[in-house]
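Novice: Got a file for you: start-v2.cif, mmCIF, C-alpha atoms.
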data_upload
loop_
_atom_site.label_atom_id
_atom_site.label_comp_id
_atom_site.auth_asym_id
_atom_site.auth_seq_id
_atom_site.Cartn_x
_atom_site.Cartn_y
_atom_site.Cartn_z
CA MET A 12 -9.80 157.53 -2.31
CA ALA A 13 -7.37 159.80 -0.48
CA SER A 14 -4.76 162.36 -1.41
CA THR A 15 -2.37 164.79 0.24
CA LYS A 16 -1.77 168.44 -0.60
CA PRO A 17 0.34 171.03 1.26
CA GLY A 18 -0.96 171.12 4.85
CA ILE A 19 -3.98 168.87 4.30
CA SER A 20 -5.04 165.32 3.58
CA VAL A 21 -8.18 164.76 1.54
CA GLN A 22 -10.55 161.81 1.69
CA TYR A 23 -13.21 161.55 -0.95
CA GLY A 24 -16.27 159.83 0.53
CA GLU A 25 -19.59 159.05 -1.09
CA ASN A 26 -21.38 162.11 0.25
CA ALA A 27 -18.60 164.27 1.61
CA THR A 28 -15.06 165.37 0.97
CA ILE A 29 -13.15 165.33 4.25
CA VAL A 30 -10.23 167.73 4.50
CA THR A 31 -7.98 167.16 7.51
CA PHE A 32 -5.54 169.86 8.57
CA LEU A 33 -2.21 168.17 9.25
CA ASN A 34 -0.32 170.79 11.24
CA GLU A 35 -0.59 171.37 15.00
CA LYS A 36 -0.03 175.10 14.59
CA ILE A 37 -1.39 177.22 11.76
CA LEU A 38 0.17 180.63 12.12
CA GLU A 39 2.39 181.88 9.35
CA GLU A 40 0.94 183.83 6.47
CA LYS A 41 2.63 181.68 3.84
CA ASP A 42 1.35 178.47 5.46
CA ILE A 43 -2.18 179.85 5.62
CA LYS A 44 -1.97 180.87 1.97
CA ALA A 45 -0.74 177.39 1.03
CA LEU A 46 -3.57 175.80 3.02
CA GLN A 47 -6.13 178.03 1.42
CA ASP A 48 -4.82 177.22 -2.06
CA SER A 49 -4.94 173.50 -1.23
CA VAL A 50 -8.54 173.62 -0.02
CA MET A 51 -9.68 175.89 -2.85
CA SER A 52 -8.22 173.49 -5.42
CA VAL A 53 -10.28 170.67 -3.87
CA ILE A 54 -13.44 172.78 -4.03
CA GLU A 55 -12.79 173.64 -7.66
CA GLN A 56 -12.67 169.98 -8.64
CA SER A 57 -16.48 169.70 -8.50
CA GLU A 58 -19.44 171.91 -9.26
CA GLN A 59 -21.01 170.96 -5.94
CA ILE A 60 -19.29 169.66 -2.84
CA ASN A 61 -20.11 168.70 0.73
CA MET A 62 -16.93 169.52 2.58
CA ILE A 63 -15.97 168.68 6.16
CA LEU A 64 -12.92 170.41 7.63
CA ASP A 65 -11.39 168.24 10.35
CA PHE A 66 -9.42 170.20 12.99
CA GLY A 67 -8.43 167.12 15.01
CA ASN A 68 -4.69 167.80 14.68
CA VAL A 69 -4.86 171.55 15.27
CA LYS A 70 -3.80 172.86 18.67
CA PHE A 71 -3.17 176.51 17.88
CA LEU A 72 -4.20 178.96 15.19
CA SER A 73 -4.18 182.69 14.56
CA SER A 74 -7.07 184.93 13.60
CA ALA A 75 -5.76 184.86 10.01
CA VAL A 76 -7.00 181.25 9.84
CA LEU A 77 -10.50 182.48 10.63
CA GLY A 78 -10.24 184.76 7.60
CA MET A 79 -9.18 181.79 5.50
CA LEU A 80 -12.21 179.80 6.71
CA LEU A 81 -14.53 182.64 5.74
CA ARG A 82 -13.00 182.72 2.24
CA ILE A 83 -13.46 178.96 1.95
CA SER A 84 -17.06 179.09 3.16
CA LYS A 85 -17.87 181.89 0.69
CA LYS A 86 -16.55 179.81 -2.18
CA ILE A 87 -18.49 176.75 -1.03
CA TYR A 88 -21.77 178.57 -0.53
CA GLU A 89 -21.39 180.26 -3.94
CA ARG A 90 -21.54 176.71 -5.31
CA ASP A 91 -24.71 175.98 -3.38
CA SER A 92 -22.69 173.46 -1.40
CA GLN A 93 -22.27 172.58 2.27
CA LEU A 94 -19.45 173.13 4.75
CA ARG A 95 -19.05 171.55 8.19
CA LEU A 96 -16.27 171.92 10.75
CA CYS A 97 -15.45 169.21 13.27
CA ASN A 98 -13.04 167.95 15.93
CA ILE A 99 -12.18 171.44 17.17
CA ASN A 100 -10.44 171.24 20.54
CA PRO A 101 -11.96 173.27 23.40
CA LYS A 102 -9.25 175.95 23.42
CA ILE A 103 -9.64 176.56 19.70
CA TYR A 104 -13.43 176.48 19.99
CA GLU A 105 -13.13 179.29 22.53
CA ILE A 106 -11.64 181.45 19.74
CA PHE A 107 -14.70 180.72 17.60
CA LYS A 108 -16.95 181.65 20.54
CA ILE A 109 -15.16 184.91 21.30
CA THR A 110 -15.39 185.99 17.66
CA ARG A 111 -18.95 184.59 17.43
CA LEU A 112 -17.94 182.59 14.39
CA ASN A 113 -19.44 179.56 16.12
CA LYS A 114 -22.75 181.13 15.03
CA ILE A 115 -21.62 181.38 11.41
CA PHE A 116 -19.99 177.99 10.89
CA GLU A 117 -21.72 174.66 11.40
CA ILE A 118 -19.47 172.99 13.95
CA TYR A 119 -19.74 169.37 15.10
CA SER A 120 -17.93 167.57 17.87
CA ASP A 121 -16.65 164.74 15.67
CA LEU A 122 -16.45 163.58 12.11
CA GLN A 123 -19.28 161.10 12.42
CA SER A 124 -21.81 163.67 13.59
CA ALA A 125 -20.64 166.12 10.91
CA MET A 126 -21.21 163.46 8.25
CA GLU A 127 -24.60 162.52 9.63
CA ALA A 128 -25.71 166.15 9.50
CA LEU A 129 -25.08 166.46 5.79
CA PRO A 130 -28.02 166.51 3.36
CA GLY A 131 -29.02 163.07 2.17
CA GLN A 132 -27.71 161.36 5.31
CA ASN A 133 -29.96 159.33 7.56
CA MET B 16 -2.77 205.66 27.14
CA LEU B 17 0.18 203.73 28.52
CA SER B 18 0.56 204.20 32.24
CA ILE B 19 3.96 202.45 32.39
CA SER B 20 7.03 202.60 30.14
CA PRO B 21 8.66 199.50 28.68
CA SER B 22 11.33 197.95 30.84
CA GLY B 23 13.80 195.10 30.47
CA VAL B 24 16.12 194.26 27.59
CA PRO B 25 14.47 194.97 24.24
CA ILE B 26 14.21 192.21 21.64
CA VAL B 27 14.22 193.63 18.13
CA ILE B 28 12.88 191.42 15.34
CA GLU B 29 12.17 191.83 11.67
CA SER B 30 8.71 192.26 10.16
CA SER B 31 8.17 188.74 8.90
CA SER B 32 5.52 186.42 10.31
CA SER B 33 8.03 183.71 11.28
CA ALA B 34 10.17 186.11 13.33
CA ILE B 35 7.90 185.90 16.39
CA GLU B 36 8.33 182.13 16.73
CA GLN B 37 11.58 182.18 18.72
CA VAL B 38 10.35 185.00 20.95
CA CYS B 39 7.18 183.03 21.68
CA GLU B 40 9.16 179.91 22.51
CA ARG B 41 11.37 181.87 24.88
CA ILE B 42 8.58 183.68 26.72
CA LEU B 43 6.22 180.70 26.86
CA SER B 44 8.90 178.35 28.20
CA GLU B 45 9.74 180.89 30.91
CA LEU B 46 6.05 181.08 31.84
CA GLN B 47 5.92 177.31 32.06
CA ALA B 48 8.97 177.32 34.33
CA ASP B 49 7.30 179.98 36.48
CA ASN B 50 4.22 177.79 36.99
CA PHE B 51 1.78 179.77 34.87
CA SER B 52 -1.20 177.59 33.92
CA LYS B 53 -1.61 176.06 30.47
CA GLU B 54 -4.57 178.39 29.91
CA ASP B 55 -2.43 181.44 30.80
CA ILE B 56 0.29 180.27 28.41
CA PHE B 57 -2.24 179.72 25.62
CA ALA B 58 -3.61 183.22 26.25
CA VAL B 59 -0.17 184.85 26.15
CA HIS B 60 0.61 182.94 22.96
CA ILE B 61 -2.56 184.38 21.38
CA GLY B 62 -1.62 187.87 22.59
CA LEU B 63 1.91 187.65 21.20
CA GLU B 64 0.90 186.25 17.81
CA GLU B 65 -1.99 188.63 17.25
CA ALA B 66 -0.13 191.72 18.45
CA PHE B 67 2.81 190.82 16.23
CA LEU B 68 0.56 190.23 13.18
CA ASN B 69 -1.01 193.65 13.77
CA ALA B 70 2.42 195.25 14.23
CA ILE B 71 3.87 193.95 10.96
CA LYS B 72 0.73 194.24 8.85
CA HIS B 73 -1.08 197.35 10.06
CA GLY B 74 1.88 199.05 11.79
CA ASN B 75 4.90 198.37 9.61
CA LYS B 76 2.76 197.80 6.49
CA ASP B 77 4.67 194.62 5.59
CA ASP B 78 7.85 196.70 5.15
CA THR B 79 10.58 194.19 6.02
CA THR B 80 13.09 196.98 6.68
CA ARG B 81 10.99 198.10 9.66
CA LYS B 82 11.43 196.38 13.02
CA VAL B 83 9.25 195.34 15.93
CA THR B 84 10.59 195.81 19.46
CA ILE B 85 9.42 193.57 22.29
CA ASN B 86 10.10 194.08 26.00
CA TYR B 87 8.82 191.65 28.54
CA SER B 88 9.13 190.96 32.22
CA ILE B 89 7.87 187.97 34.15
CA ARG B 90 7.06 188.19 37.83
CA PRO B 91 5.57 185.44 39.99
CA ASP B 92 2.07 186.91 39.65
CA GLU B 93 2.08 188.34 36.11
CA VAL B 94 3.77 188.68 32.76
CA GLU B 95 3.96 192.10 31.13
CA ILE B 96 4.73 192.52 27.43
CA PHE B 97 5.31 195.67 25.40
CA MET B 98 5.36 195.47 21.61
CA LYS B 99 6.19 198.50 19.50
CA ASP B 100 6.21 198.84 15.70
CA GLN B 101 7.65 201.58 13.50
CA GLY B 102 4.34 202.61 11.99
CA GLN B 103 2.32 205.78 12.43
CA GLY B 104 0.06 204.20 15.02
CA PHE B 105 -3.72 203.93 15.19
CA ASP B 106 -6.66 204.69 17.43
CA PRO B 107 -7.65 201.37 19.02
CA ASP B 108 -11.09 202.77 19.86
CA SER B 109 -11.80 203.26 16.15
CA VAL B 110 -11.49 199.56 15.34
CA PRO B 111 -14.96 198.21 14.48
CA ASP B 112 -16.35 195.32 16.53
CA PRO B 113 -15.78 192.26 14.30
CA ARG B 114 -18.72 190.47 15.95
CA CYS B 115 -21.33 193.01 14.85
CA GLY B 116 -23.42 193.18 11.68
CA ASP B 117 -21.68 192.44 8.41
CA ASN B 118 -18.28 192.73 10.12
CA ILE B 119 -18.63 189.11 11.15
CA TYR B 120 -18.24 188.08 7.49
CA LYS B 121 -15.07 190.13 7.00
CA VAL B 122 -11.87 188.13 6.72
CA GLY B 123 -9.85 190.37 9.07
CA GLY B 124 -10.17 192.62 12.09
CA ARG B 125 -10.33 190.04 14.91
CA GLY B 126 -6.80 190.33 16.30
CA LEU B 127 -7.45 193.13 18.77
CA LEU B 128 -10.66 191.46 20.01
CA LEU B 129 -8.70 188.28 20.73
CA ILE B 130 -5.90 190.17 22.49
CA ARG B 131 -8.40 192.01 24.69
CA SER B 132 -10.29 188.79 25.40
CA TYR B 133 -7.29 186.69 26.35
CA MET B 134 -5.10 189.23 28.16
CA ASP B 135 -6.06 190.70 31.52
CA LEU B 136 -4.92 194.19 30.61
CA THR B 137 -4.42 195.79 27.20
CA GLU B 138 -3.46 199.39 26.57
CA PHE B 139 -1.69 201.52 23.94
CA ASN B 140 0.61 204.51 23.94
CA GLU B 141 -0.79 207.81 22.73
CA GLN B 142 0.56 207.35 19.20
CA GLY B 143 -0.98 203.89 19.00
CA ASN B 144 2.13 202.06 17.87
CA CYS B 145 3.00 200.39 21.18
CA ILE B 146 0.79 197.89 22.98
CA ARG B 147 1.15 196.85 26.61
CA MET B 148 -0.34 193.49 27.54
CA VAL B 149 -0.52 191.94 30.99
CA LYS B 150 -1.57 188.42 31.92
CA TYR B 151 -1.94 187.46 35.58
CA ASN B 152 -0.75 184.10 36.77
CA SER B 153 -4.02 182.33 37.51
CA ASN B 154 -2.17 179.87 39.76
CA LYS B 155 -1.27 182.84 41.96
CA LYS B 156 -4.30 185.05 41.53
CA SER B 157 -4.64 185.61 45.25
CA LEU B 158 -1.37 187.53 45.10
CA VAL B 159 -2.72 190.04 42.58
CA SER B 160 -3.30 193.31 44.36
CA LYS B 161 -6.25 195.57 43.68
CA ASP B 162 -4.10 198.29 42.12
CA LYS B 163 -3.25 195.91 39.26
CA GLN B 164 -6.78 195.55 37.97
CA PRO B 165 -7.41 196.34 34.27
CA ILE B 166 -7.66 200.06 33.60
CA ASN B 167 -9.64 199.89 30.34
#
Could I get this structure in the form of structure tokens?
Specialist:
Amino acid sequence: MASTKPGISVQYGENATIVTFLNEKILEEKDIKALQDSVMSVIEQSEQINMILDFGNVKFLSSAVLGMLLRISKKIYERDSQLRLCNINPKIYEIFKITRLNKIFEIYSDLQSAMEALPGQN
Amino acid sequence: MLSISPSGVPIVIESSSSAIEQVCERILSELQADNFSKEDIFAVHIGLEEAFLNAIKHGNKDDTTRKVTINYSIRPDEVEIFMKDQGQGFDPDSVPDPRCGDNIYKVGGRGLLLIRSYMDLTEFNEQGNCIRMVKYNSNKKSLVSKDKQPIN
């Protein structure tokens, strides 16, 4: 099953909900707010959720996006759920390294490895 | 403290997050034409976006009647950008390190770290409402003279 919300597409898998960011650039405050609302509404659909955020389309983002990710992770961990990030291009990953958020988020090189790392996966 | 005053024709834009887009396009396309590397251009883009976000949010306090003034000059070996807001200014040395302790879980406070990481030189005027950022052209780094090394 798949659906689209402002700025994201959502695929509902057996063990994970995969949220793909659709825009190449995530910069403006209103866009970030819309994205956050979209992702939060997906989280709120279930009591527990394994969520993978796919950055494959994203080529540029501002530090405000990092704040959004921290809000999302807080909401997910409050639900005793899991969050993975994947497909982050090297330039964007550098931003995570500089801010040391690569130590906070669980980041995988691709969707497959992010899915395999989820609880209950072989 | 700023060692050099802004030069060049000022660009004055409003305090809304979309207002920087055209300025970015203009400066980044000029850098591309002047053979700055893709990494340099990415870095300047980060500097512009983060400095502008700080200017409108922390400087102009989201007051859309206040403006942000940008001056820039591009030379073969470097790009220099000044960005000034109409706020009261701040002490950049008082900004906590967002990588340390519980700060890492805070949703904000990473803009200045990114600017300092990506730009080769970052400094502020005494009031703290004008930032000067310099990025050297890494394709022409051999032309950078010793007197243009970062001062902070």
Novice: Find the distance between atom CA of B:Val83 and atom CA of B:Lys99 and write it in Å to one decimal.
Specialist: 5.7 Å
Novice: Just the number, please: distance in Å from atom CA of A:Ile87 to atom CA of A:Asn61, one decimal.
Specialist: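 Interatomic distance here is 8.4 Å.
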Novice: What does the structure give for the distance between atom CA of A:Leu94 and atom CA of A:Ile63, in Å to one decimal?
Specialist: 5.8 Å
Novice: Check every residue of chain B for an atom within 8 Å of chain A, counting only C-alpha atoms, and provide those that qualify as a list in words.
Specialist: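 Result: Ser32, Ser33, Ile61, Glu64, Glu65, Pro113, Arg114, Ile119, Tyr120, Lys121, Val122, Gly123, Arg125, Gly126, Leu128, Leu129 and Ser132 of chain B.
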Novice: Please write the residues picked by the PyMOL selection byres ((chain A and resi 25-37) around 8) on this file as a ChimeraX atom specification.
Specialist: /A:18-24,38-39,42-43,50,60-73,76,126,129,131
Novice: Got a sec: who's within 9 Å of B:Ile146, counting all atoms listed in the file, leaving out chain neighbours fewer than 6 positions off, as number ranges by chain?
Specialist: B: 17, 66, 96-99, 137-140
Novice: Skipping near chain neighbours, those fewer than 4 positions away, what residues fall within 8 Å of stretch 48-53 of chain B using all atoms listed in the file, listed as a PyMOL selection string?
Specialist: chain B and resi 44+57+91+152-154
Novice: With all atoms listed in the file as the basis for distance, which of A:Glu127, A:Asp48, A:Glu58, A:Asp121 is at the shortest distance from A:Ser92?
Specialist: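 Closest to A:Ser92, using all atoms listed in the file: A:Glu58.
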